[in-house]
Amino acid sequence: MGRILSFFNQEAQLIKALRQEDARAQRQVYEKYGPRMLGVCFRYLGDEMTAEDVMVEGFLKVFGKIDQFNSEGSFEGWIRRIMVNEALGLLRKRKQMPEDILSDEAANIPDYNYADQHIETQELLDLIEQLPFGYRTVFNLYAIEGYAHSEIAELLGITESTSKSQLHRARALLQKMVGAWENDFKKKLNYEKASG
């Protein structure tokens, strides 16, 4: 798909055009924010096709509810909130919301140091994706999206203490996973030095 010319130079013009149901403005918003919003949906759903479906539904909501955007805060942040709500709505519908059922094993994970500068962003995102569903959902909402525990509790239908507990355990498990990754990385580095 070719690059779209920027028909609307300023966000205010773009929003005004969206309120008039301008198809060019809708397309520009979709092209500009689509890749990032697909990433947001994928982080919660873990399946690319489902994430894409939810993202499209989210953009339909964005275009249908554009009058509710009051220009307080960023437009992208408003779109992101809609996408997160759409993803969580699907999870709620599927009854996949995290519950306060946590294993004793996860509670006793040792505290490992963070990996050094060798870990790349994509590798870290891959590790986050491997977290158990409830941990991953709360971690994404808190650490990546910036929601407060009170907001997470309301969004997920859990208590604030459950949100805090899930986040704590997600971090502990992620630290353990990063520590394992770092050990594997060092072994690989030592092997390459020895055989080189």
# chains A, B, ... in the order shown; residues from 1 in each chain; ligands from 1

$ select_by_dssp --residues "chain A" --states "helix (DSSP H, G or I)" --output "compact mmCIF listing (two decimals) with N, CA, C and O atoms, in the first residue's frame"
# COMPACT_ATOMS: atom_id res chain seq x y z
N GLU A 11 -3.66 18.23 14.03
CA GLU A 11 -4.59 17.30 14.67
C GLU A 11 -6.00 17.88 14.77
O GLU A 11 -6.98 17.18 14.56
N ALA A 12 -6.09 19.16 15.06
CA ALA A 12 -7.42 19.81 15.18
C ALA A 12 -8.19 19.72 13.87
O ALA A 12 -9.40 19.45 13.86
N GLN A 13 -7.49 19.95 12.74
CA GLN A 13 -8.14 19.84 11.42
C GLN A 13 -8.59 18.40 11.18
O GLN A 13 -9.67 18.16 10.65
N LEU A 14 -7.75 17.47 11.54
CA LEU A 14 -8.05 16.06 11.34
C LEU A 14 -9.29 15.65 12.14
O LEU A 14 -10.19 14.99 11.62
N ILE A 15 -9.35 16.07 13.38
CA ILE A 15 -10.49 15.73 14.24
C ILE A 15 -11.77 16.37 13.72
O ILE A 15 -12.83 15.74 13.68
N LYS A 16 -11.66 17.62 13.24
CA LYS A 16 -12.82 18.29 12.66
C LYS A 16 -13.33 17.52 11.44
O LYS A 16 -14.54 17.31 11.29
N ALA A 17 -12.42 17.06 10.60
CA ALA A 17 -12.80 16.30 9.42
C ALA A 17 -13.42 14.94 9.82
O ALA A 17 -14.37 14.49 9.19
N LEU A 18 -12.88 14.32 10.88
CA LEU A 18 -13.46 13.06 11.35
C LEU A 18 -14.89 13.27 11.83
O LEU A 18 -15.76 12.43 11.60
N ARG A 19 -15.14 14.39 12.48
CA ARG A 19 -16.49 14.69 12.97
C ARG A 19 -17.46 14.89 11.81
O ARG A 19 -18.66 14.73 11.98
N ALA A 23 -13.96 10.51 4.76
CA ALA A 23 -13.30 9.22 4.54
C ALA A 23 -11.78 9.37 4.44
O ALA A 23 -11.04 8.49 4.88
N ARG A 24 -11.31 10.49 3.88
CA ARG A 24 -9.86 10.70 3.77
C ARG A 24 -9.24 10.84 5.17
O ARG A 24 -8.16 10.33 5.43
N ALA A 25 -9.94 11.55 6.04
CA ALA A 25 -9.45 11.72 7.41
C ALA A 25 -9.43 10.38 8.14
O ALA A 25 -8.48 10.06 8.84
N GLN A 26 -10.48 9.58 7.95
CA GLN A 26 -10.54 8.26 8.58
C GLN A 26 -9.37 7.39 8.10
O GLN A 26 -8.73 6.73 8.90
N ARG A 27 -9.13 7.45 6.80
CA ARG A 27 -8.04 6.64 6.26
C ARG A 27 -6.69 7.11 6.81
O ARG A 27 -5.82 6.30 7.14
N GLN A 28 -6.52 8.44 6.91
CA GLN A 28 -5.27 8.98 7.43
C GLN A 28 -5.04 8.53 8.88
O GLN A 28 -3.93 8.15 9.25
N VAL A 29 -6.09 8.56 9.68
CA VAL A 29 -5.98 8.12 11.08
C VAL A 29 -5.63 6.64 11.13
O VAL A 29 -4.76 6.22 11.90
N TYR A 30 -6.30 5.85 10.32
CA TYR A 30 -6.06 4.41 10.29
C TYR A 30 -4.61 4.12 9.88
O TYR A 30 -3.94 3.29 10.49
N GLU A 31 -4.14 4.79 8.85
CA GLU A 31 -2.77 4.58 8.37
C GLU A 31 -1.74 5.04 9.40
O GLU A 31 -0.72 4.39 9.58
N LYS A 32 -2.02 6.15 10.06
CA LYS A 32 -1.06 6.71 11.01
C LYS A 32 -0.97 5.89 12.29
O LYS A 32 0.11 5.62 12.80
N TYR A 33 -2.13 5.49 12.83
CA TYR A 33 -2.15 4.85 14.14
C TYR A 33 -2.33 3.33 14.08
O TYR A 33 -2.14 2.65 15.08
N GLY A 34 -2.73 2.80 12.94
CA GLY A 34 -3.03 1.38 12.81
C GLY A 34 -1.93 0.45 13.30
O GLY A 34 -2.19 -0.43 14.13
N PRO A 35 -0.69 0.61 12.83
CA PRO A 35 0.36 -0.32 13.27
C PRO A 35 0.57 -0.33 14.78
O PRO A 35 0.71 -1.38 15.39
N ARG A 36 0.57 0.86 15.40
CA ARG A 36 0.74 0.91 16.86
C ARG A 36 -0.44 0.30 17.58
O ARG A 36 -0.28 -0.39 18.59
N MET A 37 -1.65 0.56 17.09
CA MET A 37 -2.84 0.04 17.76
C MET A 37 -2.96 -1.47 17.57
O MET A 37 -3.45 -2.17 18.46
N LEU A 38 -2.47 -1.98 16.45
CA LEU A 38 -2.43 -3.43 16.26
C LEU A 38 -1.51 -4.04 17.31
O LEU A 38 -1.83 -5.07 17.91
N GLY A 39 -0.39 -3.39 17.57
CA GLY A 39 0.53 -3.86 18.61
C GLY A 39 -0.11 -3.86 19.98
O GLY A 39 0.07 -4.79 20.77
N VAL A 40 -0.90 -2.82 20.28
CA VAL A 40 -1.61 -2.74 21.56
C VAL A 40 -2.56 -3.92 21.69
O VAL A 40 -2.56 -4.63 22.70
N CYS A 41 -3.38 -4.14 20.66
CA CYS A 41 -4.37 -5.23 20.70
C CYS A 41 -3.68 -6.59 20.80
O CYS A 41 -4.11 -7.46 21.55
N PHE A 42 -2.57 -6.75 20.07
CA PHE A 42 -1.86 -8.02 20.08
C PHE A 42 -1.29 -8.34 21.46
O PHE A 42 -1.30 -9.49 21.90
N ARG A 43 -0.82 -7.31 22.17
CA ARG A 43 -0.26 -7.54 23.51
C ARG A 43 -1.28 -8.17 24.44
O ARG A 43 -0.93 -8.93 25.34
N TYR A 44 -2.55 -7.83 24.27
CA TYR A 44 -3.58 -8.37 25.15
C TYR A 44 -4.14 -9.69 24.64
O TYR A 44 -4.51 -10.54 25.44
N LEU A 45 -4.21 -9.85 23.34
CA LEU A 45 -4.91 -11.00 22.78
C LEU A 45 -3.97 -12.13 22.35
O LEU A 45 -4.37 -13.28 22.32
N GLU A 48 -2.64 -12.63 16.16
CA GLU A 48 -2.61 -11.52 15.21
C GLU A 48 -3.95 -11.29 14.51
O GLU A 48 -4.40 -10.14 14.37
N MET A 49 -4.61 -12.36 14.09
CA MET A 49 -5.89 -12.20 13.39
C MET A 49 -6.95 -11.61 14.32
O MET A 49 -7.69 -10.71 13.93
N THR A 50 -7.02 -12.12 15.53
CA THR A 50 -7.98 -11.60 16.51
C THR A 50 -7.66 -10.16 16.84
O THR A 50 -8.55 -9.31 16.93
N ALA A 51 -6.37 -9.85 17.01
CA ALA A 51 -5.95 -8.48 17.32
C ALA A 51 -6.35 -7.54 16.20
O ALA A 51 -6.82 -6.43 16.45
N GLU A 52 -6.19 -7.99 14.95
CA GLU A 52 -6.56 -7.15 13.81
C GLU A 52 -8.07 -6.90 13.78
O GLU A 52 -8.51 -5.77 13.56
N ASP A 53 -8.86 -7.94 14.05
CA ASP A 53 -10.32 -7.77 14.11
C ASP A 53 -10.72 -6.77 15.19
O ASP A 53 -11.56 -5.90 14.97
N VAL A 54 -10.10 -6.90 16.36
CA VAL A 54 -10.41 -6.00 17.47
C VAL A 54 -9.97 -4.58 17.15
O VAL A 54 -10.67 -3.61 17.44
N MET A 55 -8.82 -4.44 16.48
CA MET A 55 -8.33 -3.12 16.10
C MET A 55 -9.31 -2.44 15.14
O MET A 55 -9.64 -1.27 15.30
N VAL A 56 -9.81 -3.19 14.16
CA VAL A 56 -10.78 -2.63 13.20
C VAL A 56 -12.04 -2.19 13.93
O VAL A 56 -12.55 -1.08 13.70
N GLU A 57 -12.53 -3.04 14.84
CA GLU A 57 -13.71 -2.67 15.65
C GLU A 57 -13.41 -1.42 16.47
O GLU A 57 -14.27 -0.54 16.62
N GLY A 58 -12.19 -1.34 16.98
CA GLY A 58 -11.79 -0.18 17.76
C GLY A 58 -11.81 1.09 16.93
O GLY A 58 -12.29 2.14 17.38
N PHE A 59 -11.29 1.02 15.70
CA PHE A 59 -11.32 2.20 14.84
C PHE A 59 -12.75 2.59 14.47
O PHE A 59 -13.06 3.79 14.36
N LEU A 60 -13.62 1.61 14.28
CA LEU A 60 -15.03 1.94 14.03
C LEU A 60 -15.61 2.71 15.21
O LEU A 60 -16.37 3.66 15.03
N LYS A 61 -15.23 2.30 16.42
CA LYS A 61 -15.67 3.03 17.62
C LYS A 61 -15.07 4.43 17.66
O LYS A 61 -15.75 5.39 18.02
N VAL A 62 -13.79 4.54 17.31
CA VAL A 62 -13.13 5.85 17.28
C VAL A 62 -13.90 6.78 16.35
O VAL A 62 -14.24 7.92 16.72
N PHE A 63 -14.21 6.30 15.15
CA PHE A 63 -14.90 7.14 14.18
C PHE A 63 -16.35 7.42 14.61
O PHE A 63 -16.85 8.51 14.40
N GLY A 64 -16.98 6.45 15.23
CA GLY A 64 -18.36 6.62 15.67
C GLY A 64 -18.51 7.49 16.90
O GLY A 64 -19.55 8.10 17.12
N ILE A 66 -16.23 9.97 17.83
CA ILE A 66 -15.26 11.07 17.76
C ILE A 66 -15.78 12.32 18.47
O ILE A 66 -15.00 13.11 19.00
N ASP A 67 -17.07 12.49 18.54
CA ASP A 67 -17.64 13.66 19.24
C ASP A 67 -17.34 13.61 20.74
O ASP A 67 -17.42 14.64 21.41
N GLN A 68 -17.02 12.43 21.26
CA GLN A 68 -16.72 12.30 22.69
C GLN A 68 -15.28 12.70 23.02
O GLN A 68 -14.93 12.85 24.18
N PHE A 75 -4.75 12.72 21.37
CA PHE A 75 -5.69 11.98 20.52
C PHE A 75 -5.26 10.51 20.45
O PHE A 75 -6.09 9.61 20.55
N GLU A 76 -3.96 10.28 20.33
CA GLU A 76 -3.46 8.91 20.28
C GLU A 76 -3.77 8.16 21.57
O GLU A 76 -4.14 6.99 21.56
N GLY A 77 -3.63 8.84 22.70
CA GLY A 77 -3.95 8.23 23.99
C GLY A 77 -5.42 7.84 24.07
O GLY A 77 -5.77 6.79 24.62
N TRP A 78 -6.29 8.69 23.53
CA TRP A 78 -7.73 8.41 23.51
C TRP A 78 -8.02 7.18 22.64
O TRP A 78 -8.77 6.30 23.03
N ILE A 79 -7.37 7.12 21.48
CA ILE A 79 -7.53 5.96 20.59
C ILE A 79 -7.03 4.70 21.29
O ILE A 79 -7.67 3.65 21.27
N ARG A 80 -5.87 4.79 21.94
CA ARG A 80 -5.28 3.65 22.64
C ARG A 80 -6.23 3.12 23.72
O ARG A 80 -6.41 1.93 23.87
N ARG A 81 -6.86 4.03 24.46
CA ARG A 81 -7.78 3.62 25.52
C ARG A 81 -8.95 2.83 24.92
O ARG A 81 -9.38 1.83 25.48
N ILE A 82 -9.45 3.29 23.78
CA ILE A 82 -10.54 2.57 23.10
C ILE A 82 -10.07 1.17 22.70
O ILE A 82 -10.78 0.18 22.89
N MET A 83 -8.86 1.06 22.16
CA MET A 83 -8.33 -0.24 21.73
C MET A 83 -8.18 -1.19 22.92
O MET A 83 -8.54 -2.37 22.83
N VAL A 84 -7.64 -0.67 24.02
CA VAL A 84 -7.47 -1.50 25.22
C VAL A 84 -8.84 -1.98 25.70
O VAL A 84 -9.02 -3.16 26.02
N ASN A 85 -9.81 -1.07 25.74
CA ASN A 85 -11.16 -1.46 26.18
C ASN A 85 -11.79 -2.50 25.25
O ASN A 85 -12.47 -3.41 25.72
N GLU A 86 -11.56 -2.37 23.95
CA GLU A 86 -12.08 -3.36 23.00
C GLU A 86 -11.45 -4.73 23.23
O GLU A 86 -12.13 -5.75 23.24
N ALA A 87 -10.13 -4.74 23.42
CA ALA A 87 -9.42 -6.01 23.66
C ALA A 87 -9.90 -6.65 24.97
O ALA A 87 -10.19 -7.85 25.02
N LEU A 88 -10.02 -5.83 26.02
CA LEU A 88 -10.48 -6.37 27.30
C LEU A 88 -11.94 -6.83 27.21
O LEU A 88 -12.32 -7.81 27.84
N GLY A 89 -12.74 -6.11 26.41
CA GLY A 89 -14.13 -6.52 26.21
C GLY A 89 -14.22 -7.90 25.59
O GLY A 89 -15.05 -8.72 25.99
N LEU A 90 -13.38 -8.17 24.61
CA LEU A 90 -13.37 -9.49 23.98
C LEU A 90 -12.93 -10.56 24.99
O LEU A 90 -13.52 -11.64 25.06
N LEU A 91 -11.91 -10.24 25.77
CA LEU A 91 -11.44 -11.20 26.78
C LEU A 91 -12.53 -11.48 27.81
O LEU A 91 -12.71 -12.62 28.24
N ARG A 92 -13.26 -10.43 28.20
CA ARG A 92 -14.37 -10.60 29.14
C ARG A 92 -15.44 -11.51 28.54
O ARG A 92 -15.95 -12.40 29.21
N LYS A 93 -15.73 -11.27 27.27
CA LYS A 93 -16.74 -12.07 26.58
C LYS A 93 -16.32 -13.54 26.53
O LYS A 93 -17.13 -14.44 26.67
N ASP A 104 1.40 -21.02 44.42
CA ASP A 104 2.41 -20.73 45.44
C ASP A 104 3.80 -20.69 44.82
O ASP A 104 4.66 -19.94 45.25
N GLU A 105 3.98 -21.49 43.78
CA GLU A 105 5.26 -21.54 43.09
C GLU A 105 5.63 -20.16 42.54
O GLU A 105 6.75 -19.70 42.68
N ALA A 106 4.66 -19.49 41.92
CA ALA A 106 4.92 -18.16 41.34
C ALA A 106 5.22 -17.14 42.43
O ALA A 106 5.96 -16.19 42.20
N ALA A 107 4.64 -17.30 43.60
CA ALA A 107 4.84 -16.34 44.68
C ALA A 107 6.25 -16.40 45.25
O ALA A 107 6.71 -15.45 45.85
N THR A 121 14.70 -4.76 22.68
CA THR A 121 13.29 -4.49 22.96
C THR A 121 12.40 -5.65 22.52
O THR A 121 11.52 -6.08 23.27
N GLN A 122 12.62 -6.16 21.30
CA GLN A 122 11.77 -7.23 20.80
C GLN A 122 11.91 -8.49 21.64
O GLN A 122 10.92 -9.18 21.90
N GLU A 123 13.13 -8.77 22.09
CA GLU A 123 13.33 -9.95 22.94
C GLU A 123 12.58 -9.79 24.26
O GLU A 123 11.98 -10.73 24.77
N LEU A 124 12.59 -8.57 24.81
CA LEU A 124 11.87 -8.30 26.05
C LEU A 124 10.36 -8.44 25.83
O LEU A 124 9.66 -9.04 26.64
N LEU A 125 9.86 -7.92 24.71
CA LEU A 125 8.43 -8.06 24.39
C LEU A 125 8.04 -9.53 24.22
O LEU A 125 6.96 -9.94 24.63
N ASP A 126 8.95 -10.31 23.63
CA ASP A 126 8.69 -11.75 23.48
C ASP A 126 8.59 -12.42 24.85
O ASP A 126 7.76 -13.31 25.05
N LEU A 127 9.44 -12.01 25.79
CA LEU A 127 9.38 -12.56 27.14
C LEU A 127 8.07 -12.17 27.83
O LEU A 127 7.44 -12.99 28.50
N ILE A 128 7.66 -10.92 27.66
CA ILE A 128 6.39 -10.46 28.25
C ILE A 128 5.24 -11.29 27.71
O ILE A 128 4.33 -11.67 28.45
N GLU A 129 5.30 -11.59 26.42
CA GLU A 129 4.26 -12.40 25.78
C GLU A 129 4.16 -13.80 26.39
O GLU A 129 3.11 -14.42 26.37
N PHE A 133 -1.36 -15.46 31.37
CA PHE A 133 -2.34 -14.50 30.87
C PHE A 133 -2.65 -13.36 31.84
O PHE A 133 -2.59 -12.19 31.49
N GLY A 134 -3.00 -13.67 33.06
CA GLY A 134 -3.37 -12.64 34.04
C GLY A 134 -2.22 -11.70 34.34
O GLY A 134 -2.40 -10.48 34.41
N TYR A 135 -1.03 -12.25 34.52
CA TYR A 135 0.14 -11.44 34.78
C TYR A 135 0.39 -10.48 33.61
O TYR A 135 0.66 -9.30 33.79
N ARG A 136 0.36 -11.05 32.40
CA ARG A 136 0.64 -10.27 31.19
C ARG A 136 -0.36 -9.12 31.04
O ARG A 136 0.01 -8.00 30.72
N THR A 137 -1.63 -9.39 31.29
CA THR A 137 -2.66 -8.37 31.13
C THR A 137 -2.42 -7.22 32.09
O THR A 137 -2.41 -6.05 31.69
N VAL A 138 -2.22 -7.52 33.37
CA VAL A 138 -1.99 -6.47 34.36
C VAL A 138 -0.67 -5.75 34.08
O VAL A 138 -0.60 -4.52 34.14
N PHE A 139 0.37 -6.48 33.72
CA PHE A 139 1.67 -5.87 33.41
C PHE A 139 1.53 -4.89 32.25
O PHE A 139 2.02 -3.76 32.32
N ASN A 140 0.85 -5.31 31.18
CA ASN A 140 0.64 -4.42 30.02
C ASN A 140 -0.11 -3.16 30.42
O ASN A 140 0.27 -2.05 30.05
N LEU A 141 -1.20 -3.35 31.16
CA LEU A 141 -2.01 -2.19 31.55
C LEU A 141 -1.22 -1.22 32.43
O LEU A 141 -1.30 -0.01 32.23
N TYR A 142 -0.45 -1.74 33.38
CA TYR A 142 0.27 -0.89 34.33
C TYR A 142 1.57 -0.34 33.74
O TYR A 142 1.77 0.87 33.68
N ALA A 143 2.43 -1.24 33.30
CA ALA A 143 3.79 -0.83 32.91
C ALA A 143 3.86 -0.23 31.51
O ALA A 143 4.68 0.65 31.26
N ILE A 144 3.01 -0.67 30.61
CA ILE A 144 3.09 -0.19 29.24
C ILE A 144 2.05 0.89 28.95
O ILE A 144 2.37 1.92 28.37
N HIS A 149 -3.58 1.22 39.45
CA HIS A 149 -4.16 -0.03 39.93
C HIS A 149 -5.68 0.08 40.11
O HIS A 149 -6.41 -0.88 39.85
N SER A 150 -6.16 1.26 40.52
CA SER A 150 -7.61 1.44 40.68
C SER A 150 -8.32 1.31 39.33
O SER A 150 -9.39 0.71 39.23
N GLU A 151 -7.70 1.86 38.27
CA GLU A 151 -8.29 1.76 36.92
C GLU A 151 -8.24 0.31 36.42
O GLU A 151 -9.20 -0.17 35.81
N ILE A 152 -7.13 -0.36 36.67
CA ILE A 152 -6.98 -1.76 36.24
C ILE A 152 -8.05 -2.61 36.93
O ILE A 152 -8.69 -3.45 36.29
N ALA A 153 -8.22 -2.39 38.23
CA ALA A 153 -9.22 -3.15 38.99
C ALA A 153 -10.60 -2.96 38.37
O ALA A 153 -11.34 -3.93 38.18
N GLU A 154 -10.93 -1.73 38.01
CA GLU A 154 -12.24 -1.45 37.42
C GLU A 154 -12.37 -2.08 36.03
O GLU A 154 -13.38 -2.70 35.72
N LEU A 155 -11.33 -1.95 35.22
CA LEU A 155 -11.35 -2.50 33.86
C LEU A 155 -11.50 -4.03 33.85
O LEU A 155 -12.21 -4.58 33.02
N LEU A 156 -10.80 -4.68 34.78
CA LEU A 156 -10.76 -6.14 34.78
C LEU A 156 -11.76 -6.79 35.74
O LEU A 156 -11.89 -8.01 35.74
N GLU A 160 -8.06 -3.98 43.72
CA GLU A 160 -6.77 -3.30 43.57
C GLU A 160 -5.63 -4.16 44.09
O GLU A 160 -4.56 -4.21 43.50
N SER A 161 -5.87 -4.87 45.18
CA SER A 161 -4.81 -5.71 45.74
C SER A 161 -4.48 -6.87 44.79
O SER A 161 -3.32 -7.26 44.68
N THR A 162 -5.48 -7.38 44.09
CA THR A 162 -5.21 -8.43 43.09
C THR A 162 -4.36 -7.86 41.96
O THR A 162 -3.41 -8.50 41.50
N SER A 163 -4.69 -6.64 41.53
CA SER A 163 -3.90 -6.00 40.47
C SER A 163 -2.45 -5.83 40.91
O SER A 163 -1.52 -6.16 40.16
N LYS A 164 -2.25 -5.34 42.12
CA LYS A 164 -0.89 -5.15 42.65
C LYS A 164 -0.16 -6.48 42.76
O LYS A 164 1.03 -6.58 42.43
N SER A 165 -0.86 -7.49 43.23
CA SER A 165 -0.27 -8.82 43.39
C SER A 165 0.13 -9.40 42.03
O SER A 165 1.22 -9.94 41.87
N GLN A 166 -0.77 -9.28 41.06
CA GLN A 166 -0.48 -9.80 39.71
C GLN A 166 0.73 -9.08 39.12
O GLN A 166 1.59 -9.70 38.52
N LEU A 167 0.80 -7.75 39.32
CA LEU A 167 1.93 -6.98 38.80
C LEU A 167 3.23 -7.41 39.48
O LEU A 167 4.24 -7.63 38.81
N HIS A 168 3.20 -7.54 40.79
CA HIS A 168 4.39 -7.96 41.54
C HIS A 168 4.89 -9.31 41.03
O HIS A 168 6.09 -9.50 40.79
N ARG A 169 3.97 -10.23 40.88
CA ARG A 169 4.35 -11.58 40.43
C ARG A 169 4.79 -11.58 38.98
O ARG A 169 5.68 -12.34 38.60
N ALA A 170 4.16 -10.73 38.15
CA ALA A 170 4.59 -10.62 36.75
C ALA A 170 6.02 -10.12 36.68
O ALA A 170 6.84 -10.66 35.93
N ARG A 171 6.33 -9.11 37.47
CA ARG A 171 7.70 -8.57 37.49
C ARG A 171 8.70 -9.61 37.96
O ARG A 171 9.78 -9.75 37.39
N ALA A 172 8.35 -10.33 39.01
CA ALA A 172 9.26 -11.35 39.54
C ALA A 172 9.50 -12.44 38.50
O ALA A 172 10.65 -12.86 38.29
N LEU A 173 8.45 -12.88 37.87
CA LEU A 173 8.59 -13.93 36.85
C LEU A 173 9.37 -13.40 35.65
O LEU A 173 10.24 -14.10 35.11
N LEU A 174 9.11 -12.15 35.26
CA LEU A 174 9.84 -11.55 34.14
C LEU A 174 11.32 -11.42 34.47
O LEU A 174 12.17 -11.69 33.62
N GLN A 175 11.63 -11.06 35.71
CA GLN A 175 13.03 -10.98 36.11
C GLN A 175 13.70 -12.35 36.02
O GLN A 175 14.84 -12.46 35.57
N LYS A 176 12.99 -13.38 36.42
CA LYS A 176 13.54 -14.74 36.33
C LYS A 176 13.77 -15.11 34.86
O LYS A 176 14.82 -15.66 34.51
N MET A 177 12.81 -14.77 34.01
CA MET A 177 12.92 -15.08 32.58
C MET A 177 14.08 -14.31 31.94
O MET A 177 14.84 -14.85 31.13
N VAL A 178 14.24 -13.04 32.34
CA VAL A 178 15.33 -12.22 31.81
C VAL A 178 16.66 -12.78 32.30
O VAL A 178 17.64 -12.84 31.55
N GLY A 179 16.71 -13.21 33.55
CA GLY A 179 17.93 -13.82 34.08
C GLY A 179 18.32 -15.08 33.31
O GLY A 179 19.49 -15.28 32.98
N ALA A 180 17.33 -15.90 32.99
CA ALA A 180 17.59 -17.11 32.19
C ALA A 180 18.06 -16.74 30.79
O ALA A 180 18.99 -17.35 30.25
N TRP A 181 17.43 -15.72 30.22
CA TRP A 181 17.84 -15.25 28.89
C TRP A 181 19.29 -14.78 28.93
O TRP A 181 20.08 -15.10 28.05
N GLU A 182 19.63 -14.01 29.97
CA GLU A 182 20.98 -13.48 30.10
C GLU A 182 22.01 -14.61 30.24
O GLU A 182 23.07 -14.56 29.63
N ASN A 183 21.69 -15.65 31.02
CA ASN A 183 22.59 -16.79 31.15
C ASN A 183 22.80 -17.49 29.81
O ASN A 183 23.93 -17.86 29.47
N ASP A 184 21.71 -17.67 29.06
CA ASP A 184 21.81 -18.28 27.73
C ASP A 184 22.67 -17.42 26.81
O ASP A 184 23.47 -17.92 26.03
N PHE A 185 22.48 -16.11 26.90
CA PHE A 185 23.24 -15.18 26.07
C PHE A 185 24.73 -15.29 26.38
O PHE A 185 25.57 -15.34 25.48
N LYS A 186 25.08 -15.33 27.67
CA LYS A 186 26.49 -15.43 28.07
C LYS A 186 27.11 -16.75 27.61
O LYS A 186 28.25 -16.79 27.16
N LYS A 187 26.34 -17.84 27.73
CA LYS A 187 26.83 -19.15 27.26
C LYS A 187 27.11 -19.10 25.76
O LYS A 187 28.14 -19.60 25.30
N LYS A 188 26.20 -18.49 25.01
CA LYS A 188 26.35 -18.39 23.56
C LYS A 188 27.59 -17.56 23.23
O LYS A 188 28.37 -17.91 22.36
N LEU A 189 27.77 -16.45 23.94
CA LEU A 189 28.91 -15.57 23.74
C LEU A 189 30.22 -16.32 24.03
O LEU A 189 31.18 -16.24 23.25
N ASN A 190 30.26 -17.06 25.15
CA ASN A 190 31.45 -17.82 25.51
C ASN A 190 31.74 -18.92 24.48
O ASN A 190 32.89 -19.18 24.14
N TYR A 191 30.68 -19.57 23.98
CA TYR A 191 30.85 -20.61 22.95
C TYR A 191 31.43 -20.01 21.68
O TYR A 191 32.35 -20.59 21.09
N GLU A 192 30.91 -18.84 21.29
CA GLU A 192 31.42 -18.19 20.07
C GLU A 192 32.87 -17.77 20.23
O GLU A 192 33.67 -17.88 19.30
N LYS A 193 33.26 -17.30 21.42
CA LYS A 193 34.66 -16.92 21.68
C LYS A 193 35.57 -18.14 21.64
O LYS A 193 36.65 -18.10 21.09
N ALA A 194 35.09 -19.26 22.23
CA ALA A 194 35.89 -20.49 22.29
C ALA A 194 36.07 -21.11 20.92
O ALA A 194 37.12 -21.67 20.61
N SER A 195 35.04 -21.03 20.09
CA SER A 195 35.13 -21.68 18.77
C SER A 195 35.66 -20.74 17.70
O SER A 195 35.87 -21.15 16.57

$ closest_residue --among "A:Gln10, A:Gly46, A:Lys95, A:Asp22" --to "A:Gly157" --atoms "only C-alpha atoms"
A:Lys95

$ atom_distance --atom1 "atom CA of A:Lys65" --atom2 "atom CA of A:Glu21"
10.9 Å
